[in-house]
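Participant: Next up, query28.cif (mmCIF, C-alpha atoms and all ligand atoms).
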data_target
loop_
_atom_site.label_atom_id
_atom_site.label_comp_id
_atom_site.auth_asym_id
_atom_site.auth_seq_id
_atom_site.Cartn_x
_atom_site.Cartn_y
_atom_site.Cartn_z
CA MET A 632 194.50 72.55 59.88
CA ALA A 633 193.13 69.50 58.19
CA ALA A 634 193.75 69.88 54.47
CA ALA A 635 190.08 69.89 53.52
CA GLY A 636 190.54 71.22 50.08
CA ILE A 637 193.07 72.98 47.93
CA ALA A 638 196.73 72.13 48.42
CA VAL A 639 199.67 74.36 47.59
CA ASP A 640 202.97 72.65 46.85
CA VAL A 641 204.73 74.86 49.41
CA ASP A 642 208.10 73.16 49.04
CA GLY A 643 207.94 73.61 45.27
CA ALA A 644 206.93 77.27 45.56
CA LEU A 645 209.67 78.08 48.09
CA ALA A 646 212.27 76.24 46.00
CA HIS A 647 211.20 78.29 42.96
CA LEU A 648 211.42 81.52 44.97
CA GLU A 649 214.82 80.58 46.37
CA ALA A 650 216.23 79.73 42.95
CA PHE A 651 214.83 82.95 41.49
CA LEU A 652 216.44 85.06 44.23
CA ALA A 653 219.75 83.23 43.80
CA ARG A 654 219.70 84.08 40.09
CA GLU A 655 218.70 87.72 40.56
CA ALA A 656 220.90 88.38 43.61
CA PRO A 657 223.60 85.72 43.92
CA GLY A 658 224.52 85.04 47.54
CA PHE A 659 221.42 86.92 48.73
CA GLU A 660 221.32 84.86 51.92
CA TYR A 661 224.60 86.42 53.14
CA ARG A 662 223.96 90.01 52.04
CA HIS A 663 223.65 92.41 54.93
CA ASP A 664 222.58 95.25 52.62
CA LEU A 665 219.50 93.25 51.58
CA ALA A 666 218.84 92.12 55.16
CA ASP A 667 218.95 95.76 56.35
CA VAL A 668 216.36 96.76 53.74
CA ALA A 669 214.14 93.79 54.63
CA ARG A 670 214.39 94.54 58.36
CA GLY A 671 213.40 98.15 57.73
CA ALA A 672 210.40 97.08 55.65
CA SER A 673 209.40 94.53 58.29
CA VAL A 674 209.54 97.08 61.11
CA ALA A 675 207.61 99.60 59.02
CA TYR A 676 204.99 97.01 58.19
CA THR A 677 204.55 96.00 61.82
CA GLU A 678 204.48 99.51 63.22
CA THR A 679 202.59 101.39 60.54
CA ARG A 680 199.55 100.72 58.51
CA ALA A 681 201.18 100.24 55.12
CA ILE A 682 204.47 100.03 53.34
CA GLU A 683 205.53 102.70 50.84
CA VAL A 684 204.52 102.32 47.22
CA ASP A 685 207.17 100.33 45.28
CA VAL A 686 208.71 98.76 48.41
CA ALA A 687 207.38 95.39 47.28
CA ALA A 688 209.37 95.80 44.07
CA ASP A 689 212.60 95.17 45.96
CA LEU A 690 214.36 91.80 45.96
CA ALA A 691 215.06 92.22 49.69
CA TYR A 692 211.31 92.59 50.27
CA LEU A 693 210.60 89.50 48.19
CA ALA A 694 213.25 87.44 50.02
CA HIS A 695 211.80 88.34 53.40
CA PHE A 696 208.05 88.64 52.80
CA GLY A 697 207.74 86.22 49.88
CA PRO A 698 207.86 83.03 51.97
CA ARG A 699 205.29 84.51 54.34
CA ALA A 700 202.84 85.00 51.47
CA VAL A 701 203.35 81.45 50.18
CA VAL A 702 202.86 79.86 53.60
CA ALA A 703 199.87 82.06 54.45
CA VAL A 704 198.02 81.43 51.19
CA ALA A 705 198.69 77.70 51.57
CA ARG A 706 197.25 77.75 55.07
CA ALA A 707 194.06 79.49 54.00
CA VAL A 708 193.32 77.62 50.75
CA ALA A 709 193.39 74.32 52.65
CA ALA A 710 189.95 75.38 53.94
CA LEU A 711 188.48 75.75 50.44
CA PRO A 712 186.33 72.97 49.08
CA ALA A 713 188.30 70.80 46.69
CA ASP A 714 185.39 70.48 44.29
CA ARG A 715 186.01 73.95 42.86
CA ARG A 716 189.14 73.70 40.75
CA VAL A 717 191.68 76.51 40.94
CA ASP A 718 191.57 77.86 37.43
CA HIS A 719 191.70 81.64 37.01
CA VAL A 720 192.85 83.61 40.06
CA VAL A 721 192.67 87.38 40.48
CA ASP A 722 195.38 88.52 42.90
CA LEU A 723 194.58 91.95 44.36
CA GLY A 724 197.61 93.88 45.65
CA ALA A 725 199.83 91.30 43.99
CA GLY A 726 203.07 93.08 44.89
CA SER A 727 206.14 91.24 43.58
CA GLY A 728 204.19 88.05 42.97
CA ALA A 729 204.74 85.82 46.01
CA SER A 730 201.04 85.28 46.70
CA ALA A 731 200.48 84.55 43.01
CA LEU A 732 203.37 82.07 43.19
CA ALA A 733 201.44 80.14 45.84
CA TRP A 734 198.40 80.05 43.56
CA ALA A 735 200.55 78.86 40.64
CA PHE A 736 201.70 75.99 42.87
CA ALA A 737 198.06 75.30 43.75
CA GLY A 738 197.39 74.54 40.08
CA ALA A 739 196.14 77.88 38.76
CA ARG A 740 196.20 78.02 34.98
CA ARG A 741 195.72 81.76 34.72
CA ILE A 742 196.46 84.60 37.14
CA THR A 743 195.45 88.24 36.82
CA LEU A 744 197.70 90.45 38.94
CA VAL A 745 196.26 93.78 40.08
CA GLU A 746 198.87 96.07 41.61
CA ARG A 747 199.42 99.83 41.72
CA SER A 748 203.23 99.59 41.59
CA GLY A 749 204.59 99.09 38.07
CA PRO A 750 208.06 98.03 39.29
CA ALA A 751 206.51 95.45 41.64
CA LEU A 752 204.47 94.06 38.76
CA GLY A 753 207.65 93.83 36.68
CA LEU A 754 209.33 91.76 39.38
CA ALA A 755 206.21 89.60 39.74
CA LYS A 756 206.23 88.81 36.03
CA ARG A 757 209.88 87.74 36.21
CA LEU A 758 209.18 85.59 39.28
CA LEU A 759 206.28 83.80 37.57
CA ALA A 760 208.01 83.41 34.20
CA GLY A 761 208.67 79.83 33.20
CA LEU A 762 205.80 78.41 35.22
CA ASP A 763 202.89 76.75 33.50
CA VAL A 764 200.52 79.64 34.15
CA ALA A 765 199.29 82.53 32.00
CA VAL A 766 199.93 85.86 33.71
CA ASP A 767 198.01 89.04 33.01
CA ALA A 768 199.51 92.01 34.88
CA ARG A 769 197.35 95.09 35.41
CA ALA A 770 198.80 98.26 36.89
CA ALA A 771 195.77 99.60 38.71
CA ASP A 772 194.39 100.66 42.04
CA VAL A 773 192.42 97.71 43.36
CA LEU A 774 189.54 100.06 44.17
CA GLN A 775 189.31 100.98 40.47
CA ALA A 776 190.13 97.54 39.07
CA PRO A 777 187.78 96.52 36.26
CA PRO A 778 185.84 93.26 36.76
CA VAL A 779 187.42 89.98 35.71
CA PRO A 780 184.47 87.82 34.68
CA GLY A 781 184.81 84.07 35.06
CA ALA A 782 187.57 84.11 37.69
CA SER A 783 187.35 81.03 39.90
CA HIS A 784 189.17 82.57 42.88
CA LEU A 785 190.05 85.99 44.20
CA SER A 786 193.10 86.42 46.42
CA ALA A 787 194.06 89.41 48.55
CA ALA A 788 197.25 88.74 50.47
CA PHE A 789 198.55 91.28 52.96
CA VAL A 790 196.69 94.14 51.31
CA VAL A 791 193.29 94.46 52.99
CA GLY A 792 194.94 95.96 56.08
CA GLU A 793 196.34 98.68 53.82
CA LEU A 794 192.95 99.75 52.52
CA ALA A 795 191.01 102.55 54.19
CA ASP A 796 188.71 101.40 57.00
CA ASP A 797 185.59 102.40 55.11
CA VAL A 798 186.33 100.20 52.08
CA ASP A 799 183.64 97.52 51.79
CA VAL A 800 185.97 94.59 51.12
CA ALA A 801 183.21 92.05 50.45
CA ALA A 802 181.62 94.37 47.87
CA LEU A 803 185.02 95.05 46.29
CA CYS A 804 185.71 91.32 45.87
CA GLU A 805 182.25 90.69 44.46
CA ARG A 806 182.63 93.55 41.99
CA VAL A 807 186.08 92.52 40.74
CA ALA A 808 185.51 88.75 40.58
CA PRO A 809 181.78 88.06 40.65
CA GLY A 810 180.97 84.64 42.10
CA ALA A 811 184.61 83.74 42.80
CA ALA A 812 185.70 82.02 46.00
CA VAL A 813 187.61 84.60 48.04
CA VAL A 814 190.78 84.06 50.05
CA ILE A 815 192.10 86.87 52.21
CA VAL A 816 195.23 86.59 54.31
CA ASP A 817 196.85 89.27 56.39
CA ALA A 818 199.19 89.74 59.30
CA GLY A 819 197.99 88.35 62.63
CA ASP A 820 198.21 91.60 64.58
CA ARG A 821 195.22 93.09 66.35
CA PRO A 822 194.00 95.70 63.83
CA ARG A 823 194.47 93.55 60.77
CA ALA A 824 192.99 90.42 62.36
CA ARG A 825 190.00 92.26 63.81
CA ARG A 826 189.27 93.75 60.43
CA LEU A 827 188.88 90.27 58.96
CA GLN A 828 186.81 89.15 61.93
CA HIS A 829 184.43 92.09 61.42
CA LEU A 830 184.28 91.21 57.73
CA ARG A 831 183.42 87.62 58.66
CA ASP A 832 180.68 88.72 61.05
CA GLY A 833 179.05 90.63 58.18
CA LEU A 834 179.32 87.65 55.83
CA VAL A 835 177.79 85.10 58.21
CA ARG A 836 174.65 87.25 58.40
CA ARG A 837 174.08 86.70 54.68
CA ASP A 838 172.15 83.68 53.46
CA ASP A 839 173.96 83.54 50.09
CA VAL A 840 177.46 83.17 51.51
CA VAL A 841 179.37 80.19 52.86
CA VAL A 842 182.35 80.99 55.06
CA PHE A 843 184.81 78.14 54.56
CA GLY A 844 187.20 79.12 57.30
CA PRO A 845 188.77 79.60 59.69
CA CYS A 846 185.67 79.40 61.89
CA PRO A 847 183.53 76.24 61.87
CA HIS A 848 180.43 78.13 63.03
CA ARG A 849 178.31 81.10 62.01
CA ASP A 850 177.92 82.72 65.42
CA PRO A 851 179.29 86.20 66.03
CA CYS A 852 183.05 86.13 66.62
CA PRO A 853 183.69 86.00 70.37
CA ALA A 854 187.02 87.75 69.88
CA LEU A 855 185.16 90.93 68.92
CA VAL A 856 183.27 91.27 72.20
CA ARG A 857 186.15 93.00 73.95
CA GLU A 858 188.05 95.67 72.04
CA ARG A 859 191.39 94.34 73.27
CA ASP A 860 190.94 90.81 71.88
CA TRP A 861 191.66 89.32 68.49
CA CYS A 862 192.03 85.88 67.00
CA HIS A 863 194.99 84.81 64.91
CA ASP A 864 196.52 81.72 63.44
CA ARG A 865 200.17 80.71 63.83
CA VAL A 866 202.10 78.47 61.47
CA GLU A 867 205.63 77.23 60.99
CA LYS A 868 207.34 78.73 57.97
CA GLY A 869 209.45 75.66 57.22
CA LEU A 870 211.92 77.65 55.12
CA PRO A 871 214.49 75.88 52.94
CA GLY A 872 218.22 76.55 53.52
CA ARG A 873 218.97 79.85 51.79
CA LEU A 874 215.62 81.49 52.64
CA ALA A 875 216.10 80.36 56.25
CA ALA A 876 219.64 81.80 56.30
CA PHE A 877 218.36 85.12 54.97
CA ALA A 878 215.56 85.17 57.55
CA ARG A 879 218.15 84.66 60.31
CA LEU A 880 220.22 87.51 58.89
CA VAL A 881 217.16 89.78 58.97
CA GLY A 882 216.67 88.79 62.60
CA ARG A 883 212.88 88.75 62.79
CA ASP A 884 211.07 85.50 63.65
CA ASP A 885 212.45 83.07 61.08
CA LEU A 886 210.57 79.97 62.26
CA HIS A 887 206.93 80.97 62.80
CA MET A 888 204.44 83.51 61.59
CA SER A 889 201.17 84.84 62.89
CA LEU A 890 198.42 85.44 60.40
CA ALA A 891 194.74 86.14 60.04
CA TRP A 892 192.77 84.70 57.16
CA LEU A 893 189.26 84.34 55.83
CA CYS A 894 187.77 82.31 52.95
CA TRP A 895 184.27 82.46 51.63
CA GLY A 896 182.18 81.81 48.54
CA ARG A 897 178.69 82.03 47.15
CA GLY A 898 176.33 79.29 48.30
CA GLN A 899 173.74 78.19 50.77
CA PRO A 900 175.19 78.13 54.25
CA GLY A 901 174.79 74.66 55.67
CA ALA A 902 175.35 73.33 59.15
CA THR A 903 179.02 73.62 60.06
CA PRO A 904 179.36 71.75 63.33
CA GLY A 905 182.58 71.50 65.21
CA VAL A 906 185.13 73.54 67.08
CA VAL A 907 188.57 74.84 66.13
CA VAL A 908 191.71 75.00 68.26
CA ILE A 909 192.55 78.70 68.62
CA GLY A 910 195.68 78.64 70.78
CA GLU A 911 198.44 76.50 72.16
CA PRO A 912 197.30 73.64 74.45
CA ARG A 913 198.34 74.35 78.03
CA ARG A 914 199.77 71.78 80.41
CA GLU A 915 198.52 72.46 83.91
CA LYS A 916 198.75 70.47 87.12
CA GLY A 917 197.22 67.09 86.38
CA ARG A 918 195.48 68.17 83.18
CA ALA A 919 195.78 69.54 79.65
CA ARG A 920 193.59 72.46 78.56
CA VAL A 921 193.03 73.26 74.89
CA PRO A 922 191.40 76.58 73.92
CA VAL A 923 188.72 76.09 71.26
CA CYS A 924 186.13 78.25 69.52
CA GLY A 925 182.78 76.84 68.47
CA PRO A 926 179.05 77.48 68.44
CA ALA A 927 179.07 77.96 72.20
CA GLY A 928 181.84 80.54 72.01
CA LEU A 929 185.24 80.20 73.64
CA ARG A 930 185.78 77.08 75.71
CA PHE A 931 188.48 74.71 76.84
CA LEU A 932 188.76 71.02 76.15
CA GLN A 933 190.13 69.42 79.27
CA VAL A 934 191.84 66.07 79.55
CA LEU A 935 193.17 64.67 82.78
CA GLN A 936 196.76 63.46 82.87
CA ARG A 937 195.70 60.06 84.14
CA ASP A 938 194.16 59.43 80.68
CA LYS A 939 197.67 59.19 79.33
CA ALA A 940 197.18 58.63 75.61
CA LEU A 941 194.39 61.20 75.39
CA PHE A 942 196.47 63.66 77.41
CA ARG A 943 199.36 63.34 74.97
CA ARG A 944 197.05 63.84 72.02
CA ALA A 945 195.51 66.94 73.54
CA LEU A 946 198.90 68.54 74.17
CA ALA A 947 199.96 67.81 70.59
CA LEU A 948 196.95 69.50 68.96
CA PRO A 949 198.13 72.18 66.53
CA ARG A 950 196.36 75.52 66.38
CA GLY A 951 193.73 75.44 63.64
CA THR A 952 192.75 71.77 64.13
CA ARG A 953 189.03 71.22 63.63
CA LEU A 954 187.30 68.76 65.94
CA PRO A 955 183.73 67.49 66.26
CA THR A 956 181.63 69.36 68.80
CA PRO A 957 182.41 67.60 72.09
CA THR A 958 178.86 67.83 73.42
CA ALA A 959 177.60 65.91 70.42
CA ALA A 960 179.89 63.11 71.53
CA GLY A 961 178.71 63.28 75.11
CA ALA A 962 181.43 65.30 76.82
CA SER A 963 180.43 66.84 80.13
CA VAL A 964 180.29 70.63 80.31
CA ALA A 965 181.04 72.71 83.38
CA GLY A 966 181.34 76.46 82.97
CA ASP A 967 183.75 77.14 80.12
CA THR A 968 185.16 73.59 80.09
CA TRP A 969 184.36 70.45 78.15
CA SER A 970 185.87 67.50 79.98
CA LEU A 971 186.94 64.63 77.76
CA GLY A 972 187.26 61.13 79.13
CA THR A 973 188.77 58.06 77.50
CA GLU A 974 185.41 57.17 75.97
CA LEU A 975 185.72 60.34 73.86
CA ALA A 976 189.10 59.47 72.40
CA SER A 977 187.53 59.48 68.95
CA ILE A 978 187.30 63.28 69.02
CA LEU A 979 191.03 63.83 69.13
CA PRO A 980 193.08 63.00 66.04
CA VAL A 981 195.82 60.45 66.47
CA ASP A 982 199.26 62.01 66.29
CA ALA A 983 201.82 59.51 65.09
CA ASN A 984 204.62 61.39 66.86
CA HIS A 985 202.93 61.40 70.20
CA ASP A 986 200.81 58.28 70.37
CA GLY A 987 202.03 55.01 71.66
CA GLY A 988 205.00 56.45 73.50
CA GLY A 989 205.72 56.56 77.22
CA ASP A 990 204.77 59.26 79.65
CA PRO A 991 204.94 62.79 78.21
C1 LIG B 1001 202.28 93.87 51.62
S1 LIG B 1001 202.26 93.83 49.86
C2 LIG B 1001 201.68 92.19 49.52
C3 LIG B 1001 202.08 91.71 48.15
C4 LIG B 1001 201.66 90.28 47.81
N1 LIG B 1001 200.22 90.14 47.79
C5 LIG B 1001 202.27 89.29 48.78
O1 LIG B 1001 201.55 88.78 49.63
O2 LIG B 1001 203.46 89.03 48.70
C6 LIG B 1001 200.83 94.80 49.51
C7 LIG B 1001 200.80 95.24 48.06
O3 LIG B 1001 199.52 95.82 47.84
C8 LIG B 1001 199.70 96.95 47.02
N2 LIG B 1001 198.57 97.85 47.24
C9 LIG B 1001 198.19 98.45 48.39
N3 LIG B 1001 197.08 99.19 48.21
C10 LIG B 1001 196.77 99.08 46.89
C11 LIG B 1001 195.74 99.61 46.10
N4 LIG B 1001 194.81 100.43 46.60
N5 LIG B 1001 195.72 99.28 44.80
C12 LIG B 1001 196.66 98.46 44.26
N6 LIG B 1001 197.66 97.92 44.97
C13 LIG B 1001 197.72 98.22 46.28
C14 LIG B 1001 201.03 97.53 47.44
O4 LIG B 1001 201.58 98.34 46.41
C15 LIG B 1001 201.84 96.29 47.71
O5 LIG B 1001 202.54 95.88 46.57
#
Mind turning the file's structure into structure tokens?
Facilitator:
Amino acid sequence: MAAAGIAVDVDGALAHLEAFLAREAPGFEYRHDLADVARGASVAYTETRAIEVDVAADLAYLAHFGPRAVVAVARAVAALPADRRVDHVVDLGAGSGASALAWAFAGARRITLVERSGPALGLAKRLLAGLDVAVDARAADVLQAPPVPGASHLSAAFVVGELADDVDVAALCERVAPGAAVVIVDAGDRPRARRLQHLRDGLVRRDDVVVFGPCPHRDPCPALVRERDWCHDRVEKGLPGRLAAFARLVGRDDLHMSLAWLCWGRGQPGATPGVVVIGEPRREKGRARVPVCGPAGLRFLQVLQRDKALFRRALALPRGTRLPTPTAAGASVAGDTWSLGTELASILPVDANHDGGGDP
């Protein structure tokens, strides 16, 4: 994803988390007892709707799920416009503070944590201690949380999927942090992702809301047409040594994560041209095909292998990359496919690792 806006110092946040865990649980990266707890929480989270109250208060939980929150928030806030400074963030379902840690490393000066688990809040306060950010911890149900006037951003990381289906999430965010830019991240599985996509489809019908990402268009989400579909993002975790070692001990995917996310704010929706890469580029016989979503729904960008440099660039496109609408640049359309020729090289970003080399 092009870093359009807010940047999280992910390396700094993960280093802080790692050092904190090493202080609280020396040698955590080798401890099978912690890994067993984390594995159990991970399985429960994947297979059930929600984790038990207070599970997030555990160091094993923080060591396993903490990096996920940092990386996910960083991914989503990159879509926010940079002209709105991160100042006061309300973090709904703050758990043990990993999502708030990401916001602290995005430059937040003040963070209000809203969390029903007192022990989790206690751990969050210890995690955030020593950082240059004022922390206000509120033990409350997010559905009952009193408004926080003047907040610049509202964050809800890995919590929306735990709320009852009939909770109006947009109304909740507006009530708790009126006028704030909203960032929601959640796991990339079907129910959680579809919930955000339904939420997005409601928001794009409003003329006082700008959806910053992940979609570059305001059409209905094509992934909602068939009940079995959903759209999700996938990012590399890039864990530093001890967090990576612990992730390997836990035995779940330690390199990548799937997530769903959505960012929006108050404003006049403008034209948002372009398409976004929604899956891995596929190498087929004599061509590369890149799945994209845009105003015309789901399509493929196609590049023939004989256009060598373009072909390499297409295959190297990461999920989440935004590109100009190919038709605007003159690409030919046939069925679900936009065919790009060498004259359209300007559409594809140059990848330093893949350009200028030999045959792929
Ligand atoms: C999966 S954890 C995520 C924690 C943190 N945001 C992160 O990303 O690391 C979800 C948290 O939301 C809290 N939570 C769930 N439903 C809640 C509610 N209705 N009110 C307050 N907290 C809630 C849980 O207690 C848990 O700590």
Participant: Report the distance between CA of Pro853 (chain A) and CA of Leu941 (chain A) in Å, rounded to one decimal place.
Facilitator: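 CA of Leu941 (chain A) lies 27.5 Å from CA of Pro853 (chain A).
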Participant: Quick one: everything within 6 Å of Ala787 (chain A), counting all atoms listed in the file, minus sequence neighbours fewer than 6 positions away in the same chain. Send it as an NGL selection string.
Facilitator: :A and (722-723 or 815)
Participant: Between A:Arg715, A:His887, A:Arg769, A:His829, which has the minimum distance to ligand LIG 1001 (chain B) (counting only C-alpha atoms and all ligand atoms)?
Facilitator: A:Arg769
Participant: From (188.7, 63.0, 79.8), in the file's coordinates, out to 7 Å: which residues are reached, counting only C-alpha atoms? Answer as a VMD selection string.
Facilitator: chain A and resid 933 to 935 938 970 to 973
Participant: Restricting the output to C-alpha atoms, write the selected residues as a PDB file, keeping the file's coordinate frame.
Facilitator:
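Generated output (out26.pdb):
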ATOM      1  CA  GLN A 933     190.130  69.420  79.270  1.00  0.00           C
ATOM      2  CA  VAL A 934     191.840  66.070  79.550  1.00  0.00           C
ATOM      3  CA  LEU A 935     193.170  64.670  82.780  1.00  0.00           C
ATOM      4  CA  ASP A 938     194.160  59.430  80.680  1.00  0.00           C
ATOM      5  CA  SER A 970     185.870  67.500  79.980  1.00  0.00           C
ATOM      6  CA  LEU A 971     186.940  64.630  77.760  1.00  0.00           C
ATOM      7  CA  GLY A 972     187.260  61.130  79.130  1.00  0.00           C
ATOM      8  CA  THR A 973     188.770  58.060  77.500  1.00  0.00           C
TER       9      THR A 973
END
Participant: For the interface of chain A with ligand LIG 1001 (chain B) (cut-off 9 Å, counting all atoms listed in the file), please tabulate each contacting residue of chain A alongside its nearest pair of atoms and their separation in Å to one decimal, rows sorted by chain and increasing number, as CSV.
Facilitator:
residue,atom,partner,partner_atom,distance
A:Tyr676,CA,B:LIG1001,C1,7.8
A:Ala681,CA,B:LIG1001,C1,7.4
A:Ile682,CA,B:LIG1001,C1,6.8
A:Glu683,CA,B:LIG1001,O4,7.4
A:Val684,CA,B:LIG1001,O4,5.0
A:Asp685,CA,B:LIG1001,O4,6.0
A:Val686,CA,B:LIG1001,O5,7.1
A:Ala687,CA,B:LIG1001,O5,4.9
A:Ala688,CA,B:LIG1001,O5,7.3
A:Tyr692,CA,B:LIG1001,O2,8.8
A:Leu693,CA,B:LIG1001,O2,7.2
A:Phe696,CA,B:LIG1001,O2,6.2
A:Gly697,CA,B:LIG1001,O2,5.3
A:Pro698,CA,B:LIG1001,O2,8.1
A:Arg699,CA,B:LIG1001,O1,7.4
A:Ala700,CA,B:LIG1001,O1,4.4
A:Val701,CA,B:LIG1001,O1,7.6
A:Ala703,CA,B:LIG1001,O1,8.4
A:Val704,CA,B:LIG1001,O1,8.3
A:Asp722,CA,B:LIG1001,N1,7.1
A:Leu723,CA,B:LIG1001,N6,6.7
A:Gly724,CA,B:LIG1001,O3,3.5
A:Ala725,CA,B:LIG1001,N1,4.0
A:Gly726,CA,B:LIG1001,O5,3.3
A:Ser727,CA,B:LIG1001,C3,6.1
A:Gly728,CA,B:LIG1001,O2,5.9
A:Ala729,CA,B:LIG1001,O2,4.4
A:Ser730,CA,B:LIG1001,O1,4.6
A:Ala731,CA,B:LIG1001,N1,7.4
A:Leu732,CA,B:LIG1001,O2,8.9
A:Val745,CA,B:LIG1001,C12,6.3
A:Glu746,CA,B:LIG1001,N6,4.0
A:Arg747,CA,B:LIG1001,C12,4.0
A:Ser748,CA,B:LIG1001,O4,5.2
A:Gly749,CA,B:LIG1001,O4,8.9
A:Ala751,CA,B:LIG1001,O5,6.3
A:Leu752,CA,B:LIG1001,O5,8.2
A:Ala770,CA,B:LIG1001,C12,7.7
A:Ala771,CA,B:LIG1001,C12,5.7
A:Asp772,CA,B:LIG1001,N5,3.4
A:Val773,CA,B:LIG1001,N5,3.9
A:Leu774,CA,B:LIG1001,N4,5.8
A:Gln775,CA,B:LIG1001,N5,7.9
A:Ala776,CA,B:LIG1001,N5,8.2
A:Ser786,CA,B:LIG1001,N1,8.1
A:Ala787,CA,B:LIG1001,N1,6.2
A:Ala788,CA,B:LIG1001,N1,4.2
A:Phe789,CA,B:LIG1001,C1,4.7
A:Val790,CA,B:LIG1001,C6,4.6
A:Val791,CA,B:LIG1001,N3,7.7
A:Gly792,CA,B:LIG1001,C9,8.7
A:Glu793,CA,B:LIG1001,N3,5.7
A:Leu794,CA,B:LIG1001,N3,6.0
A:Ala795,CA,B:LIG1001,N4,8.7
A:Val816,CA,B:LIG1001,O1,8.2
A:Asp817,CA,B:LIG1001,O1,8.2
Participant: For a test of reading the model, state the distance in Å between CA of Leu645 (chain A) and CA of Gly869 (chain A), rounded to one decimal.
Facilitator: 9.4 Å
Participant: Neighbouring residues of Val907 (chain A) were defined as those with any atom within 7 Å, considering only C-alpha atoms; residues of the same chain fewer than 6 positions away were excluded. Please report them as a ChimeraX atom specification.
Facilitator: /A:846-847,923-925,951-954
Participant: So that all listed atoms of region 731-749 of chain A fit with 4 Å spare on each side, what axis-aligned box centre and edge lengths in Å, to one decimal, would you give as lines of an AutoDock Vina configuration file?
Facilitator:
center_x = 200.0
center_y = 87.2
center_z = 40.3
size_x = 17.1
size_y = 33.3
size_z = 19.1
Participant: Taking (199.5, 77.9, 60.9) in the file's own coordinates, collect the residues within 12 Å, counting only C-alpha atoms, and hand them back as a ChimeraX atom specification.
Facilitator: /A:632-634,699,701-709,816,818-819,845,863-869,886-892,908-911,948-952
Participant: From the options A:Leu827, A:Cys852, A:Ala976, A:Leu785, which residue's atoms come nearest to Val813 (chain A), counting only C-alpha atoms?
Facilitator: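 When distances to Val813 (chain A) are compared using only C-alpha atoms, the smallest one comes from A:Leu785.
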